[in-house]
file model-v3.pdb (PDB, C-alpha atoms)
ATOM      1  CA  MET A   1       2.914  54.576  54.169  1.00  0.00           C
ATOM      2  CA  THR A   2       2.621  53.040  57.619  1.00  0.00           C
ATOM      3  CA  ASP A   3      -0.463  50.943  58.323  1.00  0.00           C
ATOM      4  CA  VAL A   4      -1.971  51.611  61.756  1.00  0.00           C
ATOM      5  CA  ALA A   5      -4.048  48.899  63.417  1.00  0.00           C
ATOM      6  CA  PHE A   6      -6.115  49.734  66.483  1.00  0.00           C
ATOM      7  CA  TYR A   7      -6.543  46.818  68.892  1.00  0.00           C
ATOM      8  CA  HIS A   8      -9.549  47.364  71.151  1.00  0.00           C
ATOM      9  CA  LEU A   9      -8.827  45.317  74.291  1.00  0.00           C
ATOM     10  CA  GLU A  10     -12.143  44.316  75.845  1.00  0.00           C
ATOM     11  CA  LYS A  11     -11.879  40.637  76.790  1.00  0.00           C
ATOM     12  CA  SER A  12      -8.288  40.466  77.985  1.00  0.00           C
ATOM     13  CA  PRO A  13      -5.743  42.986  79.228  1.00  0.00           C
ATOM     14  CA  LEU A  14      -2.633  44.177  77.440  1.00  0.00           C
ATOM     15  CA  GLU A  15      -0.605  41.645  79.438  1.00  0.00           C
ATOM     16  CA  ALA A  16      -2.452  38.796  77.689  1.00  0.00           C
ATOM     17  CA  ALA A  17      -2.714  40.302  74.198  1.00  0.00           C
ATOM     18  CA  LEU A  18       0.744  41.829  73.722  1.00  0.00           C
ATOM     19  CA  PRO A  19       2.800  38.606  74.016  1.00  0.00           C
ATOM     20  CA  ARG A  20       0.607  36.875  71.419  1.00  0.00           C
ATOM     21  CA  LEU A  21       0.963  39.767  68.979  1.00  0.00           C
ATOM     22  CA  LEU A  22       4.722  39.877  69.528  1.00  0.00           C
ATOM     23  CA  GLU A  23       4.968  36.115  68.898  1.00  0.00           C
ATOM     24  CA  LYS A  24       3.252  36.660  65.532  1.00  0.00           C
ATOM     25  CA  THR A  25       5.607  39.545  64.803  1.00  0.00           C
ATOM     26  CA  LEU A  26       8.674  37.384  65.347  1.00  0.00           C
ATOM     27  CA  LYS A  27       7.192  34.502  63.339  1.00  0.00           C
ATOM     28  CA  ALA A  28       6.769  36.964  60.454  1.00  0.00           C
ATOM     29  CA  GLY A  29      10.491  37.745  60.694  1.00  0.00           C
ATOM     30  CA  LYS A  30       9.922  41.305  61.911  1.00  0.00           C
ATOM     31  CA  ARG A  31      11.437  43.318  64.737  1.00  0.00           C
ATOM     32  CA  ALA A  32       9.375  45.404  67.162  1.00  0.00           C
ATOM     33  CA  VAL A  33       9.560  48.421  69.410  1.00  0.00           C
ATOM     34  CA  VAL A  34       7.057  48.434  72.270  1.00  0.00           C
ATOM     35  CA  MET A  35       6.552  51.963  73.541  1.00  0.00           C
ATOM     36  CA  ALA A  36       5.034  52.215  77.018  1.00  0.00           C
ATOM     37  CA  GLY A  37       3.832  55.179  79.034  1.00  0.00           C
ATOM     38  CA  SER A  38       6.566  55.092  81.690  1.00  0.00           C
ATOM     39  CA  GLU A  39       9.815  53.432  82.712  1.00  0.00           C
ATOM     40  CA  GLU A  40       7.898  51.549  85.418  1.00  0.00           C
ATOM     41  CA  ARG A  41       5.597  50.115  82.767  1.00  0.00           C
ATOM     42  CA  VAL A  42       8.616  49.145  80.649  1.00  0.00           C
ATOM     43  CA  GLU A  43       9.989  47.186  83.600  1.00  0.00           C
ATOM     44  CA  ALA A  44       6.624  45.491  84.181  1.00  0.00           C
ATOM     45  CA  LEU A  45       6.447  44.467  80.509  1.00  0.00           C
ATOM     46  CA  ASN A  46      10.045  43.251  80.702  1.00  0.00           C
ATOM     47  CA  VAL A  47       9.095  40.906  83.543  1.00  0.00           C
ATOM     48  CA  LEU A  48       5.909  39.868  81.745  1.00  0.00           C
ATOM     49  CA  LEU A  49       7.715  38.791  78.581  1.00  0.00           C
ATOM     50  CA  TRP A  50       9.949  36.470  80.628  1.00  0.00           C
ATOM     51  CA  THR A  51       7.071  34.929  82.573  1.00  0.00           C
ATOM     52  CA  TYR A  52       3.822  35.119  80.542  1.00  0.00           C
ATOM     53  CA  GLY A  53       3.745  31.458  79.533  1.00  0.00           C
ATOM     54  CA  ARG A  54       5.156  28.267  80.908  1.00  0.00           C
ATOM     55  CA  ASP A  55       6.640  27.156  77.585  1.00  0.00           C
ATOM     56  CA  SER A  56       6.985  30.555  75.963  1.00  0.00           C
ATOM     57  CA  TRP A  57       9.858  32.966  75.687  1.00  0.00           C
ATOM     58  CA  LEU A  58      10.147  36.192  73.754  1.00  0.00           C
ATOM     59  CA  PRO A  59      13.640  37.548  73.144  1.00  0.00           C
ATOM     60  CA  HIS A  60      13.555  41.181  74.192  1.00  0.00           C
ATOM     61  CA  GLY A  61      15.483  43.931  75.892  1.00  0.00           C
ATOM     62  CA  SER A  62      15.354  47.471  77.193  1.00  0.00           C
ATOM     63  CA  ALA A  63      17.790  50.269  78.021  1.00  0.00           C
ATOM     64  CA  LYS A  64      18.788  48.373  81.179  1.00  0.00           C
ATOM     65  CA  ASP A  65      20.036  45.530  78.957  1.00  0.00           C
ATOM     66  CA  GLY A  66      21.775  47.702  76.366  1.00  0.00           C
ATOM     67  CA  ASN A  67      22.790  46.532  72.890  1.00  0.00           C
ATOM     68  CA  ALA A  68      19.430  47.340  71.304  1.00  0.00           C
ATOM     69  CA  GLU A  69      20.522  45.983  67.927  1.00  0.00           C
ATOM     70  CA  ASP A  70      20.752  42.484  69.464  1.00  0.00           C
ATOM     71  CA  HIS A  71      17.106  42.459  70.590  1.00  0.00           C
ATOM     72  CA  PRO A  72      14.284  41.692  68.149  1.00  0.00           C
ATOM     73  CA  VAL A  73      11.812  43.258  70.615  1.00  0.00           C
ATOM     74  CA  TRP A  74      12.798  46.523  72.300  1.00  0.00           C
ATOM     75  CA  LEU A  75      10.841  47.922  75.262  1.00  0.00           C
ATOM     76  CA  THR A  76      11.014  51.666  75.848  1.00  0.00           C
ATOM     77  CA  ALA A  77       9.219  54.728  77.156  1.00  0.00           C
ATOM     78  CA  LEU A  78      11.064  56.873  74.591  1.00  0.00           C
ATOM     79  CA  ASP A  79      10.175  57.617  70.981  1.00  0.00           C
ATOM     80  CA  GLU A  80      13.069  55.662  69.507  1.00  0.00           C
ATOM     81  CA  ASN A  81      13.852  52.788  67.157  1.00  0.00           C
ATOM     82  CA  PRO A  82      17.306  51.603  68.229  1.00  0.00           C
ATOM     83  CA  ASN A  83      16.849  47.999  67.052  1.00  0.00           C
ATOM     84  CA  GLY A  84      15.789  48.789  63.467  1.00  0.00           C
ATOM     85  CA  ALA A  85      12.225  47.566  64.061  1.00  0.00           C
ATOM     86  CA  GLN A  86       9.611  47.412  61.325  1.00  0.00           C
ATOM     87  CA  TYR A  87       6.680  47.248  63.770  1.00  0.00           C
ATOM     88  CA  LEU A  88       5.757  49.713  66.510  1.00  0.00           C
ATOM     89  CA  PHE A  89       3.461  48.803  69.402  1.00  0.00           C
ATOM     90  CA  LEU A  90       1.987  51.769  71.279  1.00  0.00           C
ATOM     91  CA  THR A  91       0.599  51.065  74.746  1.00  0.00           C
ATOM     92  CA  ASP A  92      -0.684  53.175  77.622  1.00  0.00           C
ATOM     93  CA  GLY A  93      -1.598  56.010  75.250  1.00  0.00           C
ATOM     94  CA  ALA A  94       2.031  56.483  74.176  1.00  0.00           C
ATOM     95  CA  ALA A  95       2.476  58.496  70.989  1.00  0.00           C
ATOM     96  CA  SER A  96       5.234  58.554  68.380  1.00  0.00           C
ATOM     97  CA  GLU A  97       6.435  61.250  66.015  1.00  0.00           C
ATOM     98  CA  ARG A  98       8.340  58.572  64.070  1.00  0.00           C
ATOM     99  CA  MET A  99       5.396  56.588  62.703  1.00  0.00           C
ATOM    100  CA  ALA A 100       6.570  56.860  59.093  1.00  0.00           C
ATOM    101  CA  GLU A 101       9.702  54.829  59.969  1.00  0.00           C
ATOM    102  CA  TYR A 102       7.636  51.685  60.516  1.00  0.00           C
ATOM    103  CA  GLU A 103       5.741  49.323  58.228  1.00  0.00           C
ATOM    104  CA  ARG A 104       3.027  48.819  60.813  1.00  0.00           C
ATOM    105  CA  CYS A 105       1.905  50.412  64.040  1.00  0.00           C
ATOM    106  CA  PHE A 106      -0.256  48.634  66.599  1.00  0.00           C
ATOM    107  CA  GLU A 107      -2.307  50.924  68.859  1.00  0.00           C
ATOM    108  CA  LEU A 108      -3.421  48.823  71.831  1.00  0.00           C
ATOM    109  CA  PHE A 109      -5.978  50.427  74.137  1.00  0.00           C
ATOM    110  CA  ASP A 110      -8.170  49.379  77.058  1.00  0.00           C
ATOM    111  CA  GLY A 111     -11.745  49.210  75.811  1.00  0.00           C
ATOM    112  CA  ASN A 112     -13.032  49.192  79.391  1.00  0.00           C
ATOM    113  CA  ASP A 113     -11.549  52.623  80.111  1.00  0.00           C
ATOM    114  CA  PRO A 114     -13.739  55.404  78.643  1.00  0.00           C
ATOM    115  CA  ALA A 115     -10.833  57.881  78.647  1.00  0.00           C
ATOM    116  CA  ALA A 116      -8.612  55.428  76.725  1.00  0.00           C
ATOM    117  CA  VAL A 117     -11.377  54.825  74.188  1.00  0.00           C
ATOM    118  CA  GLU A 118     -11.900  58.548  73.683  1.00  0.00           C
ATOM    119  CA  ALA A 119      -8.158  59.120  73.300  1.00  0.00           C
ATOM    120  CA  ALA A 120      -7.970  56.299  70.735  1.00  0.00           C
ATOM    121  CA  ARG A 121     -10.761  57.924  68.733  1.00  0.00           C
ATOM    122  CA  GLY A 122      -8.768  61.155  68.697  1.00  0.00           C
ATOM    123  CA  ARG A 123      -5.622  59.364  67.525  1.00  0.00           C
ATOM    124  CA  TRP A 124      -7.657  57.590  64.801  1.00  0.00           C
ATOM    125  CA  LYS A 125      -8.832  60.957  63.464  1.00  0.00           C
ATOM    126  CA  GLY A 126      -5.307  62.339  63.567  1.00  0.00           C
ATOM    127  CA  TYR A 127      -3.867  59.351  61.700  1.00  0.00           C
ATOM    128  CA  ALA A 128      -6.656  59.495  59.120  1.00  0.00           C
ATOM    129  CA  GLY A 129      -5.937  63.172  58.547  1.00  0.00           C
ATOM    130  CA  ALA A 130      -2.243  62.375  58.079  1.00  0.00           C
ATOM    131  CA  GLY A 131      -3.039  59.751  55.426  1.00  0.00           C
ATOM    132  CA  PHE A 132      -2.087  56.589  57.311  1.00  0.00           C
ATOM    133  CA  GLY A 133      -3.822  53.328  56.374  1.00  0.00           C
ATOM    134  CA  LEU A 134      -6.159  52.375  59.242  1.00  0.00           C
ATOM    135  CA  ALA A 135      -7.669  49.149  60.542  1.00  0.00           C
ATOM    136  CA  TYR A 136      -9.760  48.404  63.620  1.00  0.00           C
ATOM    137  CA  TRP A 137      -9.554  45.045  65.396  1.00  0.00           C
ATOM    138  CA  GLN A 138     -11.938  43.998  68.152  1.00  0.00           C
ATOM    139  CA  GLN A 139     -11.508  41.046  70.482  1.00  0.00           C
ATOM    140  CA  THR A 140     -13.864  38.117  70.009  1.00  0.00           C
ATOM    141  CA  PRO A 141     -15.416  36.220  72.936  1.00  0.00           C
ATOM    142  CA  SER A 142     -12.744  33.512  72.499  1.00  0.00           C
ATOM    143  CA  GLY A 143      -9.946  36.074  72.851  1.00  0.00           C
ATOM    144  CA  GLY A 144      -9.067  36.171  69.150  1.00  0.00           C
ATOM    145  CA  TRP A 145      -9.376  39.174  66.871  1.00  0.00           C
ATOM    146  CA  GLU A 146     -11.931  40.213  64.266  1.00  0.00           C
ATOM    147  CA  ARG A 147     -11.366  43.057  61.830  1.00  0.00           C
ATOM    148  CA  LYS A 148     -14.257  45.506  61.771  1.00  0.00           C
ATOM    149  CA  GLU A 149     -15.009  47.896  58.945  1.00  0.00           C
TER     150      GLU A 149
END

call {"tool": "encode", "arguments": {"input": "model-v3.pdb", "output": "structure tokens"}}
result
Amino acid sequence: MTDVAFYHLEKSPLEAALPRLLEKTLKAGKRAVVMAGSEERVEALNVLLWTYGRDSWLPHGSAKDGNAEDHPVWLTALDENPNGAQYLFLTDGAASERMAEYERCFELFDGNDPAAVEAARGRWKGYAGAGFGLAYWQQTPSGGWERKE
């Protein structure tokens, strides 16, 4: 069964948190799909992953690049897994009907947006009802993560 981890972004935006989580994903030898809310957001994340750090680089691609199987991180606004990913990252409130195909799902939501928080609570209840394993991670003042029970 897929484990779903909710990442409550309060101290830093998605643009700061996502690259760090993807780095850990690749270090673990896993592939990822990052599902965004729109094609415009996919393009913004594509640019971000090329430029987020001076000495950092995350191999990734999107439909514009083609050859999904060659990319360990795939950016999309569609509910797809064309690169055989084990991890799914949901951003911007994106939802997937293919959750069971993944080992882990990361739900990243803006903790400073009341509507995003409320939507995340609804998704939590839905996942719990479907029997998914759930975890909640909150940002620490230093920008790290602490698991809350």

call {"tool": "residues_around", "arguments": {"input": "model-v3.pdb", "residues": "Ala77 (chain A)", "least_positions_apart": "3", "cutoff": "12 Å", "atoms": "all atoms listed in the file", "output": "list in words"}}
result
Val33, Val34, Met35, Ala36, Gly37, Ser38, Glu39, Glu40, Arg41, Val42, Glu43, Ala44, Leu45, Ser62, Ala63, Trp74, Glu80, Asn81, Phe89, Leu90, Thr91, Asp92, Gly93, Ala94, Ala95 and Ser96 of chain A

call {"tool": "resolve_selection", "arguments": {"input": "model-v3.pdb", "expression": "the PyMOL selection byres ((chain A and resi 116-128) around 10)", "output": "PyMOL selection string"}}
result
chain A and resi 2-9+92-93+95+99+107-115+129-136

call {"tool": "residues_around", "arguments": {"input": "model-v3.pdb", "residues": "Gly53 (chain A)", "least_positions_apart": "5", "cutoff": "12 Å", "atoms": "only C-alpha atoms", "output": "NGL selection string"}}
result
:A and (15-16 or 19-20 or 23 or 47-48 or 58)

call {"tool": "resolve_selection", "arguments": {"input": "model-v3.pdb", "expression": "the PyMOL selection byres ((chain A and resi 61) around 9)", "output": "list of chain:residue names"}}
result
A:Asn46, A:Pro59, A:His60, A:Ser62, A:Ala63, A:Lys64, A:Asp65, A:Gly66, A:Asn67, A:Ala68, A:Asp70, A:His71, A:Pro72, A:Val73, A:Trp74, A:Leu75, A:Thr76

call {"tool": "closest_residue", "arguments": {"input": "model-v3.pdb", "among": "A:Glu103, A:Glu10, A:Leu26, A:Ala32", "to": "Thr140 (chain A)", "atoms": "all atoms listed in the file"}}
result
A:Glu10

call {"tool": "atom_distance", "arguments": {"input": "model-v3.pdb", "atom1": "CA of Lys30 (chain A)", "atom2": "CA of Trp57 (chain A)"}}
result
16.1 Å

call {"tool": "atom_distance", "arguments": {"input": "model-v3.pdb", "atom1": "CA of Leu14 (chain A)", "atom2": "CA of Trp137 (chain A)"}}
result
13.9 Å

call {"tool": "residues_around", "arguments": {"input": "model-v3.pdb", "residues": "Lys11 (chain A)", "least_positions_apart": "6", "cutoff": "7 Å", "atoms": "only C-alpha atoms", "output": "MDAnalysis selection string"}}
result
chainID A and resid 139 141 143

call {"tool": "atom_distance", "arguments": {"input": "model-v3.pdb", "atom1": "CA of Glu69 (chain A)", "atom2": "CA of Asp55 (chain A)"}}
result
25.3 Å
